[in-house]
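Coordinates as given in final-v1.txt (compact mmCIF, C-alpha atoms and all ligand atoms):
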# COMPACT_ATOMS: atom_id res chain seq x y z
CA MET C 1 -35.33 -61.29 -80.44
CA ILE C 2 -32.12 -60.72 -82.36
CA SER C 3 -31.03 -63.14 -85.03
CA LEU C 4 -27.76 -63.00 -86.91
CA HIS C 5 -27.13 -65.12 -89.94
CA GLY C 6 -23.78 -65.62 -91.67
CA LEU C 7 -22.51 -62.25 -90.41
CA THR C 8 -19.09 -61.33 -91.78
CA LYS C 9 -17.08 -58.12 -91.47
CA VAL C 10 -13.85 -57.65 -93.36
CA PHE C 11 -12.16 -54.30 -92.69
CA PRO C 12 -10.08 -52.57 -95.36
CA GLY C 13 -6.65 -54.18 -95.13
CA GLY C 14 -8.23 -57.65 -94.96
CA VAL C 15 -8.88 -58.02 -91.20
CA HIS C 16 -11.69 -60.59 -90.78
CA ALA C 17 -13.20 -59.09 -87.63
CA LEU C 18 -16.34 -61.25 -87.95
CA ASP C 19 -16.15 -64.60 -89.67
CA GLY C 20 -19.59 -66.12 -90.28
CA ILE C 21 -21.54 -65.44 -87.08
CA ASP C 22 -24.86 -67.28 -86.60
CA LEU C 23 -26.68 -66.47 -83.40
CA THR C 24 -30.16 -66.03 -81.95
CA VAL C 25 -30.62 -63.98 -78.78
CA ALA C 26 -34.01 -64.65 -77.17
CA ASP C 27 -36.50 -61.95 -76.20
CA GLY C 28 -35.53 -60.53 -72.79
CA GLU C 29 -32.26 -62.45 -72.67
CA PHE C 30 -29.07 -61.04 -71.13
CA PHE C 31 -26.39 -62.22 -73.54
CA ALA C 32 -22.65 -61.67 -73.03
CA LEU C 33 -19.97 -61.56 -75.74
CA LEU C 34 -16.73 -62.61 -74.13
CA GLY C 35 -13.26 -62.98 -75.55
CA PRO C 36 -9.72 -61.64 -75.65
CA SER C 37 -8.81 -58.26 -77.08
CA GLY C 38 -9.29 -58.06 -80.82
CA CYS C 39 -11.61 -61.10 -81.15
CA GLY C 40 -14.40 -59.00 -82.71
CA LYS C 41 -16.76 -58.30 -79.77
CA THR C 42 -17.06 -54.56 -80.32
CA THR C 43 -17.35 -54.98 -84.08
CA LEU C 44 -20.24 -57.40 -83.58
CA LEU C 45 -22.01 -55.01 -81.20
CA ARG C 46 -21.47 -52.04 -83.52
CA THR C 47 -22.76 -54.09 -86.45
CA ILE C 48 -25.96 -54.94 -84.53
CA ALA C 49 -26.28 -51.23 -83.68
CA GLY C 50 -25.87 -50.22 -87.32
CA LEU C 51 -22.61 -48.32 -86.73
CA GLU C 52 -20.76 -50.82 -88.97
CA THR C 53 -22.09 -52.33 -92.19
CA PRO C 54 -21.54 -56.09 -92.45
CA THR C 55 -19.60 -57.36 -95.46
CA SER C 56 -22.19 -60.15 -95.75
CA GLY C 57 -24.97 -61.73 -93.71
CA THR C 58 -28.21 -60.53 -92.17
CA ILE C 59 -29.38 -59.00 -88.90
CA ARG C 60 -32.99 -59.32 -87.75
CA ILE C 61 -34.52 -57.63 -84.73
CA ASN C 62 -37.99 -58.92 -83.84
CA GLU C 63 -38.31 -60.61 -87.24
CA GLN C 64 -37.55 -57.37 -89.09
CA ASP C 65 -34.51 -57.39 -91.37
CA VAL C 66 -32.55 -54.32 -90.17
CA THR C 67 -29.28 -55.13 -92.00
CA THR C 68 -29.41 -51.96 -94.06
CA LEU C 69 -31.35 -49.71 -91.67
CA PRO C 70 -29.50 -46.74 -90.13
CA PRO C 71 -28.84 -46.88 -86.35
CA GLY C 72 -31.67 -44.47 -85.50
CA ARG C 73 -34.28 -46.76 -87.04
CA ARG C 74 -33.26 -49.97 -85.25
CA ASP C 75 -34.78 -49.18 -81.84
CA VAL C 76 -31.55 -50.08 -80.04
CA ALA C 77 -29.80 -48.11 -77.29
CA MET C 78 -26.06 -48.48 -76.94
CA VAL C 79 -23.95 -47.66 -73.87
CA PHE C 80 -20.25 -47.37 -74.58
CA GLN C 81 -17.21 -47.86 -72.38
CA ASP C 82 -16.63 -44.10 -72.32
CA TYR C 83 -20.38 -43.38 -71.81
CA ALA C 84 -20.40 -40.68 -74.53
CA ILE C 85 -22.56 -38.34 -72.48
CA PHE C 86 -22.60 -34.67 -73.48
CA PRO C 87 -20.28 -32.54 -71.29
CA HIS C 88 -22.17 -29.29 -71.92
CA MET C 89 -25.56 -30.67 -70.84
CA ASN C 90 -26.73 -31.29 -67.29
CA VAL C 91 -27.91 -34.73 -66.18
CA THR C 92 -31.59 -34.08 -66.97
CA ASP C 93 -30.81 -32.94 -70.51
CA ASN C 94 -28.42 -35.83 -71.07
CA ILE C 95 -31.06 -38.37 -70.00
CA ALA C 96 -33.80 -36.60 -71.97
CA TYR C 97 -31.69 -36.21 -75.12
CA PRO C 98 -33.12 -39.23 -77.00
CA LEU C 99 -36.62 -38.01 -76.17
CA ARG C 100 -35.75 -34.58 -77.58
CA ILE C 101 -34.67 -36.27 -80.80
CA LYS C 102 -38.03 -38.06 -80.84
CA LYS C 103 -39.67 -34.60 -80.43
CA VAL C 104 -41.28 -35.40 -77.06
CA PRO C 105 -42.48 -32.08 -75.51
CA ARG C 106 -40.09 -30.53 -72.96
CA ALA C 107 -42.33 -30.92 -69.87
CA GLU C 108 -42.96 -34.59 -70.62
CA ARG C 109 -39.32 -35.39 -71.26
CA THR C 110 -38.23 -33.63 -68.07
CA THR C 111 -40.72 -35.71 -66.08
CA LYS C 112 -39.57 -38.93 -67.79
CA ALA C 113 -35.92 -38.08 -67.19
CA ALA C 114 -36.67 -37.47 -63.51
CA ASP C 115 -38.51 -40.81 -63.24
CA VAL C 116 -35.65 -42.77 -64.79
CA ALA C 117 -33.10 -40.80 -62.73
CA ALA C 118 -34.96 -41.77 -59.55
CA THR C 119 -34.66 -45.49 -60.34
CA LEU C 120 -30.90 -45.01 -60.73
CA SER C 121 -30.48 -42.83 -57.60
CA LEU C 122 -29.56 -39.78 -59.66
CA THR C 123 -32.25 -37.41 -58.38
CA GLU C 124 -29.83 -35.28 -56.37
CA LEU C 125 -27.58 -34.85 -59.39
CA LEU C 126 -30.06 -33.78 -62.07
CA HIS C 127 -28.64 -30.23 -62.33
CA ARG C 128 -24.98 -31.21 -62.46
CA ARG C 129 -22.88 -31.50 -65.57
CA PRO C 130 -20.86 -34.68 -66.33
CA GLY C 131 -17.60 -32.97 -65.25
CA GLN C 132 -19.05 -32.69 -61.75
CA LEU C 133 -19.85 -36.41 -61.48
CA SER C 134 -17.82 -39.47 -60.47
CA GLY C 135 -17.17 -42.24 -63.00
CA GLY C 136 -19.89 -44.40 -61.46
CA GLN C 137 -22.40 -41.55 -61.59
CA GLN C 138 -21.55 -40.82 -65.24
CA GLN C 139 -22.07 -44.49 -66.00
CA ARG C 140 -25.53 -44.36 -64.42
CA VAL C 141 -26.39 -41.26 -66.48
CA ALA C 142 -25.44 -43.16 -69.64
CA LEU C 143 -27.62 -46.08 -68.54
CA ALA C 144 -30.48 -43.75 -67.66
CA ARG C 145 -30.28 -42.21 -71.12
CA ALA C 146 -30.43 -45.67 -72.69
CA ILE C 147 -33.41 -46.64 -70.53
CA ALA C 148 -35.27 -43.39 -71.24
CA CYS C 149 -35.66 -44.34 -74.92
CA HIS C 150 -37.51 -47.58 -74.07
CA PRO C 151 -35.57 -49.46 -76.72
CA THR C 152 -36.24 -53.01 -77.93
CA VAL C 153 -32.58 -53.87 -77.43
CA PHE C 154 -29.79 -52.67 -75.13
CA LEU C 155 -26.23 -52.93 -76.42
CA PHE C 156 -23.57 -52.47 -73.75
CA ASP C 157 -19.88 -52.21 -74.64
CA GLU C 158 -17.89 -52.76 -71.44
CA PRO C 159 -20.00 -50.18 -69.59
CA LEU C 160 -18.44 -51.08 -66.24
CA SER C 161 -14.81 -51.02 -67.26
CA ASN C 162 -14.08 -47.46 -66.10
CA LEU C 163 -15.25 -48.18 -62.56
CA ASP C 164 -13.02 -49.17 -59.67
CA ALA C 165 -13.24 -52.77 -58.46
CA ARG C 166 -15.74 -52.18 -55.67
CA LEU C 167 -18.05 -49.92 -57.63
CA ARG C 168 -17.86 -52.34 -60.50
CA LEU C 169 -19.23 -55.17 -58.35
CA GLU C 170 -22.06 -52.96 -57.11
CA ALA C 171 -22.83 -51.75 -60.62
CA ARG C 172 -22.84 -55.35 -61.85
CA THR C 173 -25.52 -56.43 -59.36
CA PHE C 174 -27.46 -53.28 -60.10
CA LEU C 175 -27.30 -53.85 -63.86
CA LYS C 176 -28.48 -57.42 -63.53
CA ARG C 177 -31.46 -56.40 -61.40
CA LEU C 178 -32.30 -53.55 -63.75
CA GLN C 179 -32.19 -55.79 -66.81
CA ARG C 180 -34.44 -58.35 -65.07
CA ASP C 181 -36.93 -55.64 -64.13
CA LEU C 182 -37.01 -54.04 -67.58
CA ALA C 183 -36.79 -57.41 -69.42
CA VAL C 184 -35.14 -55.73 -72.41
CA THR C 185 -33.08 -58.01 -74.66
CA THR C 186 -29.46 -57.09 -73.90
CA VAL C 187 -26.15 -57.85 -75.57
CA PHE C 188 -23.21 -57.08 -73.32
CA VAL C 189 -19.55 -57.02 -74.36
CA THR C 190 -16.88 -57.79 -71.80
CA HIS C 191 -13.41 -59.25 -71.69
CA ASP C 192 -13.92 -60.06 -68.00
CA GLN C 193 -14.99 -63.68 -67.68
CA ALA C 194 -16.17 -63.26 -64.07
CA GLU C 195 -18.46 -60.43 -65.18
CA ALA C 196 -19.88 -62.55 -68.02
CA LEU C 197 -20.45 -65.55 -65.73
CA ALA C 198 -22.14 -63.36 -63.12
CA LEU C 199 -24.41 -61.37 -65.41
CA ALA C 200 -25.40 -63.36 -68.43
CA ASP C 201 -28.19 -65.81 -69.14
CA ARG C 202 -25.95 -67.09 -71.95
CA ILE C 203 -22.40 -66.34 -73.06
CA ALA C 204 -20.67 -66.55 -76.43
CA VAL C 205 -16.92 -67.03 -76.15
CA MET C 206 -15.29 -65.50 -79.23
CA SER C 207 -11.89 -65.87 -80.82
CA GLN C 208 -10.70 -64.41 -84.12
CA GLY C 209 -14.14 -63.35 -85.31
CA ARG C 210 -15.82 -66.67 -84.51
CA MET C 211 -18.00 -67.98 -81.74
CA ILE C 212 -16.11 -70.86 -80.18
CA GLN C 213 -18.82 -71.81 -77.68
CA VAL C 214 -22.28 -70.49 -76.83
CA GLY C 215 -23.93 -71.64 -73.62
CA THR C 216 -25.15 -70.83 -70.14
CA PRO C 217 -22.53 -69.72 -67.62
CA SER C 218 -22.57 -73.17 -66.04
CA ASP C 219 -22.17 -74.92 -69.45
CA ILE C 220 -19.20 -72.73 -70.22
CA PHE C 221 -17.63 -73.10 -66.78
CA GLN C 222 -18.30 -76.83 -66.27
CA ARG C 223 -17.78 -78.10 -69.81
CA PRO C 224 -15.61 -75.78 -71.87
CA ALA C 225 -15.81 -77.14 -75.41
CA THR C 226 -12.18 -76.38 -76.24
CA THR C 227 -8.91 -75.85 -74.37
CA PHE C 228 -9.07 -72.18 -75.44
CA VAL C 229 -12.36 -71.74 -73.55
CA ALA C 230 -11.06 -73.86 -70.65
CA SER C 231 -8.05 -71.61 -70.16
CA PHE C 232 -10.03 -68.40 -70.65
CA ILE C 233 -12.84 -69.11 -68.16
CA GLY C 234 -12.42 -69.37 -64.40
CA SER C 235 -10.75 -67.03 -61.95
CA THR C 236 -7.91 -69.54 -61.67
CA PRO C 237 -7.07 -71.24 -64.97
CA MET C 238 -7.90 -74.91 -65.43
CA ASN C 239 -5.05 -77.38 -64.96
CA LEU C 240 -4.42 -78.90 -68.41
CA LEU C 241 -1.99 -81.80 -68.22
CA PRO C 242 -0.78 -84.01 -71.08
CA GLY C 243 -1.37 -87.75 -70.65
CA THR C 244 -1.36 -91.05 -72.53
CA VAL C 245 -3.35 -94.27 -72.24
CA THR C 246 -1.14 -97.31 -71.74
CA GLY C 247 -2.01 -100.74 -70.33
CA GLY C 248 -5.67 -99.71 -70.00
CA ALA C 249 -4.86 -96.80 -67.66
CA LEU C 250 -4.42 -93.09 -68.14
CA HIS C 251 -0.95 -91.84 -67.14
CA VAL C 252 -0.94 -88.11 -66.36
CA ALA C 253 1.72 -86.12 -64.48
CA GLY C 254 2.72 -89.02 -62.25
CA ALA C 255 -0.85 -90.22 -61.58
CA VAL C 256 -2.46 -93.42 -62.86
CA LEU C 257 -6.17 -93.00 -63.49
CA PRO C 258 -8.95 -95.30 -64.75
CA THR C 259 -10.11 -94.76 -68.34
CA THR C 260 -12.21 -96.31 -71.07
CA LEU C 261 -10.10 -94.76 -73.83
CA PRO C 262 -8.03 -97.06 -76.08
CA ASP C 263 -4.30 -97.59 -75.56
CA GLY C 264 -2.11 -95.09 -77.37
CA GLN C 265 -4.62 -92.21 -77.09
CA ASP C 266 -2.98 -88.88 -76.21
CA ILE C 267 -5.07 -86.39 -74.28
CA LEU C 268 -4.96 -83.23 -72.22
CA TYR C 269 -6.46 -83.89 -68.78
CA GLY C 270 -8.37 -80.83 -67.58
CA VAL C 271 -9.40 -80.23 -63.99
CA ARG C 272 -10.10 -76.95 -62.23
CA PRO C 273 -8.09 -76.07 -59.11
CA GLU C 274 -11.45 -75.80 -57.28
CA TYR C 275 -12.15 -79.45 -58.17
CA THR C 276 -8.75 -80.71 -57.08
CA ASP C 277 -7.99 -81.69 -53.47
CA LEU C 278 -4.67 -81.74 -51.70
CA SER C 279 -3.33 -84.83 -49.98
CA THR C 280 -0.24 -84.80 -47.78
CA THR C 281 0.28 -88.52 -48.30
CA GLU C 282 1.18 -90.33 -51.48
CA ARG C 283 -1.59 -91.95 -53.51
CA PRO C 284 -1.57 -93.40 -57.04
CA ASP C 285 -4.50 -91.35 -58.36
CA ALA C 286 -2.83 -88.03 -57.48
CA PHE C 287 -0.27 -85.73 -59.14
CA PRO C 288 2.84 -85.54 -56.92
CA GLY C 289 4.69 -82.26 -56.48
CA THR C 290 6.27 -79.78 -54.11
CA VAL C 291 4.43 -76.80 -52.66
CA ALA C 292 5.96 -73.86 -54.55
CA VAL C 293 3.55 -70.91 -54.08
CA LEU C 294 0.66 -70.05 -51.73
CA GLU C 295 -1.80 -67.33 -52.76
CA ASN C 296 -4.41 -66.02 -50.34
CA LEU C 297 -7.87 -65.90 -51.97
CA GLY C 298 -9.61 -64.65 -48.84
CA THR C 299 -11.74 -67.62 -47.78
CA ALA C 300 -9.44 -70.12 -49.51
CA THR C 301 -5.83 -70.49 -50.62
CA LEU C 302 -4.52 -71.28 -54.08
CA VAL C 303 -1.66 -73.78 -53.74
CA THR C 304 0.74 -74.23 -56.65
CA LEU C 305 2.57 -77.56 -56.75
CA GLU C 306 5.68 -77.84 -58.88
CA THR C 307 6.10 -81.17 -60.56
CA ASP C 308 8.53 -82.13 -63.35
CA SER C 309 8.85 -78.50 -64.48
CA ARG C 310 5.05 -78.25 -64.65
CA PHE C 311 2.70 -76.46 -62.26
CA ILE C 312 -0.56 -77.82 -60.86
CA GLN C 313 -2.91 -75.66 -58.86
CA VAL C 314 -5.25 -76.67 -56.06
CA VAL C 315 -7.67 -74.57 -54.01
CA VAL C 316 -7.68 -75.50 -50.30
CA PRO C 317 -9.92 -74.08 -47.55
CA GLU C 318 -8.39 -71.31 -45.45
CA GLY C 319 -6.26 -72.73 -42.68
CA ALA C 320 -5.51 -75.94 -44.65
CA GLU C 321 -2.41 -74.58 -46.43
CA PRO C 322 0.59 -76.90 -46.43
CA PRO C 323 4.04 -75.40 -45.64
CA LEU C 324 6.06 -74.16 -48.61
CA GLY C 325 8.62 -76.65 -49.90
CA THR C 326 6.82 -79.72 -48.53
CA PRO C 327 5.61 -82.56 -50.74
CA GLY C 328 1.95 -82.58 -51.78
CA TRP C 329 -0.35 -84.66 -53.97
CA ALA C 330 -3.05 -83.03 -56.07
CA VAL C 331 -6.08 -85.33 -56.21
CA PRO C 332 -8.41 -84.56 -59.14
CA ARG C 333 -12.13 -85.17 -58.55
CA GLN C 334 -12.55 -87.57 -61.41
CA ASN C 335 -16.23 -86.80 -61.96
CA ARG C 336 -15.16 -83.19 -62.64
CA ALA C 337 -12.28 -83.97 -64.99
CA LEU C 338 -12.49 -83.23 -68.73
CA LEU C 339 -10.47 -84.84 -71.50
CA TYR C 340 -9.36 -82.90 -74.55
CA HIS C 341 -7.82 -84.13 -77.80
CA ASP C 342 -6.58 -81.73 -80.49
CA GLY C 343 -7.96 -78.87 -78.37
CA GLN C 344 -11.53 -80.29 -78.43
CA LEU C 345 -13.48 -81.77 -75.52
CA ILE C 346 -13.82 -85.53 -76.04
CA SER C 347 -15.18 -86.65 -72.66
P1 LIG X 401 -11.18 -55.15 -77.40
O1 LIG X 401 -11.56 -56.08 -76.28
O2 LIG X 401 -9.72 -54.84 -77.42
O3 LIG X 401 -12.07 -53.96 -77.52
P2 LIG X 401 -12.67 -56.52 -79.51
O4 LIG X 401 -12.86 -57.98 -79.28
O5 LIG X 401 -13.83 -55.63 -79.22
O6 LIG X 401 -11.35 -56.02 -78.76
P3 LIG X 401 -12.76 -55.40 -82.17
O7 LIG X 401 -12.61 -53.99 -81.72
O8 LIG X 401 -14.10 -55.84 -82.62
O9 LIG X 401 -12.23 -56.39 -81.04
O10 LIG X 401 -11.71 -55.66 -83.33
C1 LIG X 401 -11.67 -56.89 -84.06
C2 LIG X 401 -10.55 -56.81 -85.08
O11 LIG X 401 -10.88 -55.86 -86.09
C3 LIG X 401 -9.22 -56.37 -84.51
O12 LIG X 401 -8.20 -57.08 -85.17
C4 LIG X 401 -9.16 -54.90 -84.85
O13 LIG X 401 -7.83 -54.46 -84.98
C5 LIG X 401 -9.89 -54.86 -86.18
N1 LIG X 401 -10.58 -53.58 -86.40
C6 LIG X 401 -11.52 -53.00 -85.61
N2 LIG X 401 -11.96 -51.84 -86.14
C7 LIG X 401 -11.27 -51.66 -87.30
C8 LIG X 401 -11.25 -50.65 -88.32
N3 LIG X 401 -12.09 -49.60 -88.26
N4 LIG X 401 -10.40 -50.82 -89.36
C9 LIG X 401 -9.59 -51.90 -89.45
N5 LIG X 401 -9.55 -52.89 -88.52
C10 LIG X 401 -10.37 -52.78 -87.47
Produce structure tokens that represent the structure in this file.
Amino acid sequence: MISLHGLTKVFPGGVHALDGIDLTVADGEFFALLGPSGCGKTTLLRTIAGLETPTSGTIRINEQDVTTLPPGRRDVAMVFQDYAIFPHMNVTDNIAYPLRIKKVPRAERTTKAADVAATLSLTELLHRRPGQLSGGQQQRVALARAIACHPTVFLFDEPLSNLDARLRLEARTFLKRLQRDLAVTTVFVTHDQAEALALADRIAVMSQGRMIQVGTPSDIFQRPATTFVASFIGSTPMNLLPGTVTGGALHVAGAVLPTTLPDGQDILYGVRPEYTDLSTTERPDAFPGTVAVLENLGTATLVTLETDSRFIQVVVPEGAEPPLGTPGWAVPRQNRALLYHDGQLIS
């Protein structure tokens, strides 16, 4: 278990990279740190690893206060974006390196390296050097090295980001299975929301050194706590449309919708394109527009309707695309809609 309390990091020059982080990661949990560039993800991971000293706050791993312990005494293994494997060592020696540091005898560490390599399909490559490996293979060597130390905690900093799209998907599934099998508490940094949703047991969405929302992938996807999270999560961004309550009804982008909110309340009406249907006939509970763009998503199509200089997106099944330039009505599934006020979810 990792627990962080009041963790703050101010870099020289006054950058508040971490701004009062409180978090508990459960034993065996796969936890993702997600957020835009510069939000503090890497700094948080490096602080847990002991590569950065926090300005204030405490870090506990399995009840032990490790805040001032050097990295080597924290029992964590970190895999970086650039793998940081040694170019002059072959795969066996790279994997066995942490065991060498722990003074494990050569024969034993070679056997252990071979065992871990087998689980990662690296057996054929044990004698090669990193320069003779593909990016995906190098990534597996870095993972194998992390696994070989039997750490209490894995820390992964965008370990899949150097892989091409297809390999990345394969590596993602592989990593998830591996983490399940090993049941090692894992903190994983990514700026890719799809990766976080797919891999994590829980996700923290960060912005400017703070955790804006912590929850399961379905919490974060279904009920983003703020408009920042709502626009960050989802392969197509959530429609966020300004509206006002008048005469007991909610008026949003040409639609009139039922509401229990008081007259005069201003809101942003949020609904995902996946939870919005397309009608080719007019109806009062729909946003009217003109079909402006069609994007092929493979098994579905993303339709963009243009309405009053605003765009509303709808996902329709393949084959159900309306012709460009024709009128269309986007019908929100009201049980899926979210209302925001001042950037915060209110209903
Ligand atoms: P990315 O996704 O781009 O890697 P990140 O979320 O991991 O971003 P960090 O690398 O943690 O972000 O950086 C957080 C903030 O701290 C940024 O504003 C960054 O410029 C700043 N920062 C990071 N390292 C240092 C440093 N050594 N000295 C000064 N500022 C730093």
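Among the candidates C:Leu163, C:Ala320, C:Ala337, C:Leu33, the residue lying nearest to Thr259 in chain C is C:Ala337 (atoms considered: only C-alpha atoms).
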Select all residues near (-31.2, -61.5, -87.6) (cut-off 6 Å, inclusive, file coordinates), counting only C-alpha atoms, and output them as a PDB file with C-alpha atoms, in the frame of the given file.
ATOM      1  CA  ILE C   2     -32.120 -60.720 -82.360  1.00  0.00           C
ATOM      2  CA  SER C   3     -31.030 -63.140 -85.030  1.00  0.00           C
ATOM      3  CA  LEU C   4     -27.760 -63.000 -86.910  1.00  0.00           C
ATOM      4  CA  HIS C   5     -27.130 -65.120 -89.940  1.00  0.00           C
ATOM      5  CA  THR C  58     -28.210 -60.530 -92.170  1.00  0.00           C
ATOM      6  CA  ILE C  59     -29.380 -59.000 -88.900  1.00  0.00           C
ATOM      7  CA  ARG C  60     -32.990 -59.320 -87.750  1.00  0.00           C
ATOM      8  CA  ILE C  61     -34.520 -57.630 -84.730  1.00  0.00           C
TER       9      ILE C  61
END
Legend entry - Long-range neighbours of Ser309 in chain C as a PyMOL selection string, 12 Å cut-off, all atoms listed in the file, 3 positions minimum in chain: chain C and resi 241+253+288-290+292+305-306+312
Please, which residues are within 12 Å of (-27.5, -35.9, -58.1) by the file's coordinates, counting all atoms listed in the file, and could they come as a PDB file with C-alpha atoms, in the frame of the given file?
ATOM      1  CA  ASN C  90     -26.730 -31.290 -67.290  1.00  0.00           C
ATOM      2  CA  VAL C  91     -27.910 -34.730 -66.180  1.00  0.00           C
ATOM      3  CA  THR C  92     -31.590 -34.080 -66.970  1.00  0.00           C
ATOM      4  CA  ALA C 114     -36.670 -37.470 -63.510  1.00  0.00           C
ATOM      5  CA  ALA C 117     -33.100 -40.800 -62.730  1.00  0.00           C
ATOM      6  CA  ALA C 118     -34.960 -41.770 -59.550  1.00  0.00           C
ATOM      7  CA  LEU C 120     -30.900 -45.010 -60.730  1.00  0.00           C
ATOM      8  CA  SER C 121     -30.480 -42.830 -57.600  1.00  0.00           C
ATOM      9  CA  LEU C 122     -29.560 -39.780 -59.660  1.00  0.00           C
ATOM     10  CA  THR C 123     -32.250 -37.410 -58.380  1.00  0.00           C
ATOM     11  CA  GLU C 124     -29.830 -35.280 -56.370  1.00  0.00           C
ATOM     12  CA  LEU C 125     -27.580 -34.850 -59.390  1.00  0.00           C
ATOM     13  CA  LEU C 126     -30.060 -33.780 -62.070  1.00  0.00           C
ATOM     14  CA  HIS C 127     -28.640 -30.230 -62.330  1.00  0.00           C
ATOM     15  CA  ARG C 128     -24.980 -31.210 -62.460  1.00  0.00           C
ATOM     16  CA  ARG C 129     -22.880 -31.500 -65.570  1.00  0.00           C
ATOM     17  CA  PRO C 130     -20.860 -34.680 -66.330  1.00  0.00           C
ATOM     18  CA  GLN C 132     -19.050 -32.690 -61.750  1.00  0.00           C
ATOM     19  CA  LEU C 133     -19.850 -36.410 -61.480  1.00  0.00           C
ATOM     20  CA  SER C 134     -17.820 -39.470 -60.470  1.00  0.00           C
ATOM     21  CA  GLY C 136     -19.890 -44.400 -61.460  1.00  0.00           C
ATOM     22  CA  GLN C 137     -22.400 -41.550 -61.590  1.00  0.00           C
ATOM     23  CA  GLN C 138     -21.550 -40.820 -65.240  1.00  0.00           C
ATOM     24  CA  ARG C 140     -25.530 -44.360 -64.420  1.00  0.00           C
ATOM     25  CA  VAL C 141     -26.390 -41.260 -66.480  1.00  0.00           C
TER      26      VAL C 141
END
Inset, instruction - Give as a VMD selection string the residues surrounding ligand LIG 401 (chain X) up to a distance of 12 Å, considering all atoms listed in the file. - result: chain C and resid 8 to 19 33 to 47 51 to 53 80 to 81 156 to 159 161 188 to 193 204 to 211
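Relative to CA of Gln213 in chain C, CA of Val315 in chain C is found at 26.3 Å.
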Inset, instruction - Go through C:Glu274, C:Arg223, C:Glu195, C:Ala249 one by one, measure the shortest atom-to-atom distance of each to Pro262 in chain C using all atoms listed in the file, and give the residue with the smallest value. - result: C:Ala249
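Of note, CA of Leu345 in chain C and CA of Ala225 in chain C are spaced 5.2 Å apart.
Between CA of Pro217 in chain C and CA of Leu155 in chain C there is a distance of 19.3 Å.
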I'd like the neighbourhood of Cys149 in chain C as a compact mmCIF listing (two decimals) with C-alpha atoms, in the coordinates of the input, where a residue qualifies if any of its atoms comes within 8 Å (using all atoms listed in the file), though same-chain residues fewer than 4 positions away should be ignored.
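Written out: selection_22.txt:
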# COMPACT_ATOMS: atom_id res chain seq x y z
CA ALA C 77 -29.80 -48.11 -77.29
CA PRO C 98 -33.12 -39.23 -77.00
CA LEU C 99 -36.62 -38.01 -76.17
CA ARG C 145 -30.28 -42.21 -71.12
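Counting only C-alpha atoms, the residue from C:Ser235, C:Thr281, C:Thr67, C:Gln139 that sits nearest to Ala84 in chain C is C:Gln139.
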Inset, instruction - Excluding range 178-180 of chain C and any residue of its chain fewer than 6 positions from it, enumerate the residues within 9 Å of it, using only C-alpha atoms, and give them as number ranges by chain. - result: C: 28-30, 186
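Each of C:Ala194, C:Thr152, C:His88, C:Asp263 was checked against Leu169 in chain C using only C-alpha atoms; the smallest atom-to-atom distance is that of C:Ala194.
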From the structure just shown, export range 182-193 of chain C with N, CA and C atoms as a PDB file, in the first residue's frame.
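Produced file result-v8.pdb, reproduced below:
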ATOM      1  N   LEU C 182       1.084 -10.882 -11.214  1.00  0.00           N
ATOM      2  CA  LEU C 182       2.091 -10.615 -10.192  1.00  0.00           C
ATOM      3  C   LEU C 182       1.483  -9.949  -8.960  1.00  0.00           C
ATOM      4  N   ALA C 183       0.323  -9.286  -9.156  1.00  0.00           N
ATOM      5  CA  ALA C 183      -0.376  -8.580  -8.067  1.00  0.00           C
ATOM      6  C   ALA C 183       0.536  -7.610  -7.311  1.00  0.00           C
ATOM      7  N   VAL C 184       1.396  -6.919  -8.063  1.00  0.00           N
ATOM      8  CA  VAL C 184       2.272  -5.916  -7.445  1.00  0.00           C
ATOM      9  C   VAL C 184       1.592  -4.547  -7.583  1.00  0.00           C
ATOM     10  N   THR C 185       1.541  -3.811  -6.485  1.00  0.00           N
ATOM     11  CA  THR C 185       0.963  -2.462  -6.506  1.00  0.00           C
ATOM     12  C   THR C 185       1.686  -1.637  -7.577  1.00  0.00           C
ATOM     13  N   THR C 186       0.923  -1.010  -8.467  1.00  0.00           N
ATOM     14  CA  THR C 186       1.530  -0.343  -9.621  1.00  0.00           C
ATOM     15  C   THR C 186       0.966   1.063  -9.798  1.00  0.00           C
ATOM     16  N   VAL C 187       1.858   2.026  -9.956  1.00  0.00           N
ATOM     17  CA  VAL C 187       1.427   3.381 -10.320  1.00  0.00           C
ATOM     18  C   VAL C 187       1.964   3.653 -11.715  1.00  0.00           C
ATOM     19  N   PHE C 188       1.059   4.062 -12.589  1.00  0.00           N
ATOM     20  CA  PHE C 188       1.323   4.123 -14.020  1.00  0.00           C
ATOM     21  C   PHE C 188       1.009   5.536 -14.502  1.00  0.00           C
ATOM     22  N   VAL C 189       1.987   6.191 -15.116  1.00  0.00           N
ATOM     23  CA  VAL C 189       1.754   7.545 -15.635  1.00  0.00           C
ATOM     24  C   VAL C 189       1.431   7.477 -17.117  1.00  0.00           C
ATOM     25  N   THR C 190       0.394   8.172 -17.521  1.00  0.00           N
ATOM     26  CA  THR C 190       0.098   8.255 -18.950  1.00  0.00           C
ATOM     27  C   THR C 190      -0.611   9.580 -19.239  1.00  0.00           C
ATOM     28  N   HIS C 191      -0.459  10.063 -20.481  1.00  0.00           N
ATOM     29  CA  HIS C 191      -1.302  11.202 -20.843  1.00  0.00           C
ATOM     30  C   HIS C 191      -2.392  10.728 -21.797  1.00  0.00           C
ATOM     31  N   ASP C 192      -2.454   9.378 -21.995  1.00  0.00           N
ATOM     32  CA  ASP C 192      -3.400   8.801 -22.936  1.00  0.00           C
ATOM     33  C   ASP C 192      -4.606   8.279 -22.155  1.00  0.00           C
ATOM     34  N   GLN C 193      -5.726   8.973 -22.290  1.00  0.00           N
ATOM     35  CA  GLN C 193      -6.882   8.619 -21.470  1.00  0.00           C
ATOM     36  C   GLN C 193      -7.405   7.221 -21.797  1.00  0.00           C
TER      37      GLN C 193
END
